[in-house]
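Text of entry_37.pdb (PDB, C-alpha atoms) as supplied:
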ATOM      1  CA  MET A   1       7.508   0.649  32.308
ATOM      2  CA  GLY A   2       4.714   3.103  33.216
ATOM      3  CA  PHE A   3       3.238   4.145  36.523
ATOM      4  CA  HIS A   4       1.349   1.830  38.855
ATOM      5  CA  ALA A   5      -1.630   2.868  41.011
ATOM      6  CA  LEU A   6       0.563   3.107  44.123
ATOM      7  CA  ASP A   7       2.945   5.432  42.265
ATOM      8  CA  TRP A   8       0.038   7.762  41.416
ATOM      9  CA  VAL A   9      -1.122   7.801  45.048
ATOM     10  CA  VAL A  10       2.367   8.787  46.237
ATOM     11  CA  ILE A  11       2.606  11.537  43.600
ATOM     12  CA  LEU A  12      -0.849  12.922  44.569
ATOM     13  CA  VAL A  13       0.000  12.950  48.293
ATOM     14  CA  ILE A  14       3.255  14.800  47.636
ATOM     15  CA  GLY A  15       1.378  17.231  45.355
ATOM     16  CA  LEU A  16      -1.236  17.860  48.065
ATOM     17  CA  LEU A  17       1.478  18.564  50.613
ATOM     18  CA  ILE A  18       3.344  20.961  48.336
ATOM     19  CA  PHE A  19       0.501  22.796  46.551
ATOM     20  CA  GLY A  20      -2.564  22.241  48.718
ATOM     21  CA  PRO A  21      -5.997  20.962  47.701
ATOM     22  CA  LYS A  22      -7.233  24.175  46.002
ATOM     23  CA  ALA A  23      -4.213  24.433  43.708
ATOM     24  CA  ILE A  24      -4.474  20.770  42.730
ATOM     25  CA  GLN A  25      -8.215  21.214  42.081
ATOM     26  CA  SER A  26      -7.639  24.226  39.783
ATOM     27  CA  MET A  27      -4.819  22.426  37.907
ATOM     28  CA  ALA A  28      -7.090  19.411  37.339
ATOM     29  CA  ARG A  29      -9.926  21.685  36.168
ATOM     30  CA  ASN A  30      -7.616  23.505  33.722
ATOM     31  CA  ALA A  31      -6.254  20.192  32.456
ATOM     32  CA  GLY A  32      -9.826  18.955  31.899
ATOM     33  CA  LYS A  33     -10.755  22.131  29.992
ATOM     34  CA  THR A  34      -7.659  21.773  27.817
ATOM     35  CA  VAL A  35      -8.500  18.157  27.005
ATOM     36  CA  GLY A  36     -12.088  19.189  26.149
ATOM     37  CA  GLN A  37     -10.861  21.956  23.831
ATOM     38  CA  ALA A  38      -8.481  19.552  22.118
ATOM     39  CA  LYS A  39     -11.330  17.060  21.586
ATOM     40  CA  THR A  40     -13.570  19.798  20.141
ATOM     41  CA  ALA A  41     -10.797  20.943  17.770
ATOM     42  CA  LYS A  42     -10.218  17.328  16.659
ATOM     43  CA  ASP A  43     -13.936  16.796  15.986
ATOM     44  CA  LYS A  44     -14.142  20.063  14.025
ATOM     45  CA  LEU A  45     -11.112  19.130  11.932
ATOM     46  CA  LEU A  46     -12.479  15.658  11.186
ATOM     47  CA  SER A  47     -15.856  17.081  10.151
ATOM     48  CA  GLU A  48     -14.156  19.388   7.631
ATOM     49  CA  LEU A  49     -12.048  16.670   5.995
ATOM     50  CA  PRO A  50     -13.289  15.273   2.678
ATOM     51  CA  MET A  51     -13.578  11.665   3.891
ATOM     52  CA  GLU A  52     -14.898  10.300   0.571
ATOM     53  CA  GLU A  53     -11.872  11.601  -1.311
ATOM     54  CA  LEU A  54      -9.519  10.306   1.360
ATOM     55  CA  ASN A  55     -11.114   6.857   1.149
ATOM     56  CA  GLU A  56     -10.649   6.852  -2.651
ATOM     57  CA  VAL A  57      -6.992   7.823  -2.271
ATOM     58  CA  ARG A  58      -6.508   5.160   0.394
ATOM     59  CA  GLN A  59      -7.925   2.509  -1.946
ATOM     60  CA  ASN A  60      -5.635   3.578  -4.780
ATOM     61  CA  ILE A  61      -2.514   3.542  -2.653
ATOM     62  CA  SER A  62      -1.088   0.075  -2.302
ATOM     63  CA  ARG A  63      -0.130  -1.227   1.113
ATOM     64  CA  ILE A  64       3.212  -0.376   2.607
ATOM     65  CA  PRO A  65       5.546  -3.366   2.435
ATOM     66  CA  MET A  66       6.524  -4.771   5.817
ATOM     67  CA  SER A  67       9.504  -6.795   4.592
ATOM     68  CA  PRO A  68      12.041  -6.622   1.760
ATOM     69  CA  GLN A  69      10.367  -9.619   0.115
ATOM     70  CA  GLN A  70       7.027  -7.800  -0.021
ATOM     71  CA  ALA A  71       8.735  -4.723  -1.468
ATOM     72  CA  VAL A  72      10.349  -6.779  -4.235
ATOM     73  CA  GLN A  73       7.072  -8.541  -4.957
ATOM     74  CA  MET A  74       5.242  -5.208  -5.177
ATOM     75  CA  LEU A  75       7.886  -3.826  -7.533
ATOM     76  CA  LEU A  76       7.844  -6.895  -9.787
ATOM     77  CA  THR A  77       4.060  -7.229 -10.019
ATOM     78  CA  PRO A  78       3.538  -4.173 -12.294
ATOM     79  CA  GLU A  79       6.426  -5.310 -14.501
ATOM     80  CA  GLN A  80       4.860  -8.761 -14.892
ATOM     81  CA  GLU A  81       1.513  -7.161 -15.764
ATOM     82  CA  ARG A  82       3.193  -5.024 -18.444
ATOM     83  CA  LYS A  83       4.844  -8.113 -19.933
ATOM     84  CA  GLN A  84       1.499  -9.918 -20.051
ATOM     85  CA  GLU A  85      -0.145  -6.926 -21.744
ATOM     86  CA  ALA A  86       2.681  -6.761 -24.291
ATOM     87  CA  GLN A  87       2.290 -10.476 -25.054
ATOM     88  CA  LYS A  88      -1.460 -10.042 -25.541
ATOM     89  CA  ALA A  89      -0.847  -7.105 -27.873
ATOM     90  CA  GLN A  90       1.661  -9.142 -29.909
ATOM     91  CA  GLU A  91      -0.792 -12.034 -30.165
ATOM     92  CA  GLU A  92      -3.534  -9.709 -31.420
ATOM     93  CA  LYS A  93      -1.267  -7.790 -33.825
ATOM     94  CA  PRO A  94      -0.377 -10.687 -36.191
ATOM     95  CA  ALA A  95      -4.017 -11.730 -36.368
ATOM     96  CA  ALA A  96      -4.968  -8.237 -37.566
ATOM     97  CA  THR A  97      -2.203  -8.076 -40.219
ATOM     98  CA  GLU A  98      -2.898 -11.520 -41.709
ATOM     99  CA  GLU A  99      -6.387 -10.580 -42.928
ATOM    100  CA  LYS A 100      -5.422  -9.680 -46.534
ATOM    101  CA  PRO A 101      -2.056  -9.841 -48.255
ATOM    102  CA  ALA A 102      -0.833  -6.510 -49.567
ATOM    103  CA  THR A 103      -1.118  -6.124 -53.331
ATOM    104  CA  THR A 104      -0.605  -3.369 -55.881
ATOM    105  CA  GLU A 105      -2.872  -3.426 -58.920
ATOM    106  CA  GLY A 106      -3.495  -7.147 -58.707
ATOM    107  CA  LYS A 107       0.187  -8.059 -58.431
ATOM    108  CA  PRO A 108       1.661  -9.283 -55.149
ATOM    109  CA  VAL A 109       3.977  -6.907 -53.364
ATOM    110  CA  VAL A 110       7.598  -7.996 -53.424
ATOM    111  CA  HIS A 111       9.120  -7.946 -49.957
ATOM    112  CA  GLU A 112      12.802  -7.723 -49.126
ATOM    113  CA  GLU A 113      12.945 -11.463 -48.373
ATOM    114  CA  HIS A 114      11.857 -12.321 -51.921
ATOM    115  CA  THR A 115      14.658 -13.261 -54.292
ATOM    116  CA  PRO A 116      13.832 -12.691 -57.935
ATOM    117  CA  THR A 117      13.564 -15.738 -60.163
ATOM    118  CA  SER A 118      13.532 -16.091 -63.913
ATOM    119  CA  ALA A 119       9.706 -16.195 -63.849
ATOM    120  CA  ASP A 120       9.656 -12.762 -62.193
ATOM    121  CA  LEU A 121      11.888 -11.307 -64.892
ATOM    122  CA  HIS A 122       9.552 -12.397 -67.743
ATOM    123  CA  GLN A 123       6.489 -10.668 -66.237
TER     124      GLN A 123
END
Please go through the file and, once you have read it, give me the structure as structure tokens.
Amino acid sequence: MGFHALDWVVILVIGLLIFGPKAIQSMARNAGKTVGQAKTAKDKLLSELPMEELNEVRQNISRIPMSPQQAVQMLLTPEQERKQEAQKAQEEKPAATEEKPATTEGKPVVHEEHTPTSADLHQ
């Protein structure tokens, strides 16, 4: 709701009647000094902060979700990226293993899937 200009005028008139002009003047001066000291302390604190590091951290932190849908989307995005990386790795893996068939001393290696035949027994 806040105060309107007329409200402030009424408050100042009542303050003048109760405290007098010198007391109001000293209270305003002290309030001004306090505000100045607070501003100086804020400026000093901001000058001491490592702003470059804070900017790097701010860039690395993802935005705060404003709705449940955004939260779910943010949670699912890394999972989808991991799935895509796993698919890429699986696509690259068979290509690397198909380069040369495994052999031992010129003979093909018998895998578990291989069922022996009569030709294998005569070798």
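Between CA of Glu53 in chain A and CA of Thr40 in chain A lies a distance of 23.0 Å.
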Original post:
Any idea what the distance is between CA of Met27 in chain A and CA of Gly15 in chain A?
Top reply: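 Answer for the CA of Met27 in chain A to CA of Gly15 in chain A separation: 11.0 Å.
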Original post:
What does the distance from CA of Ile24 in chain A to CA of Asp7 in chain A come to in Å, to one decimal?
Top reply: 17.0 Å
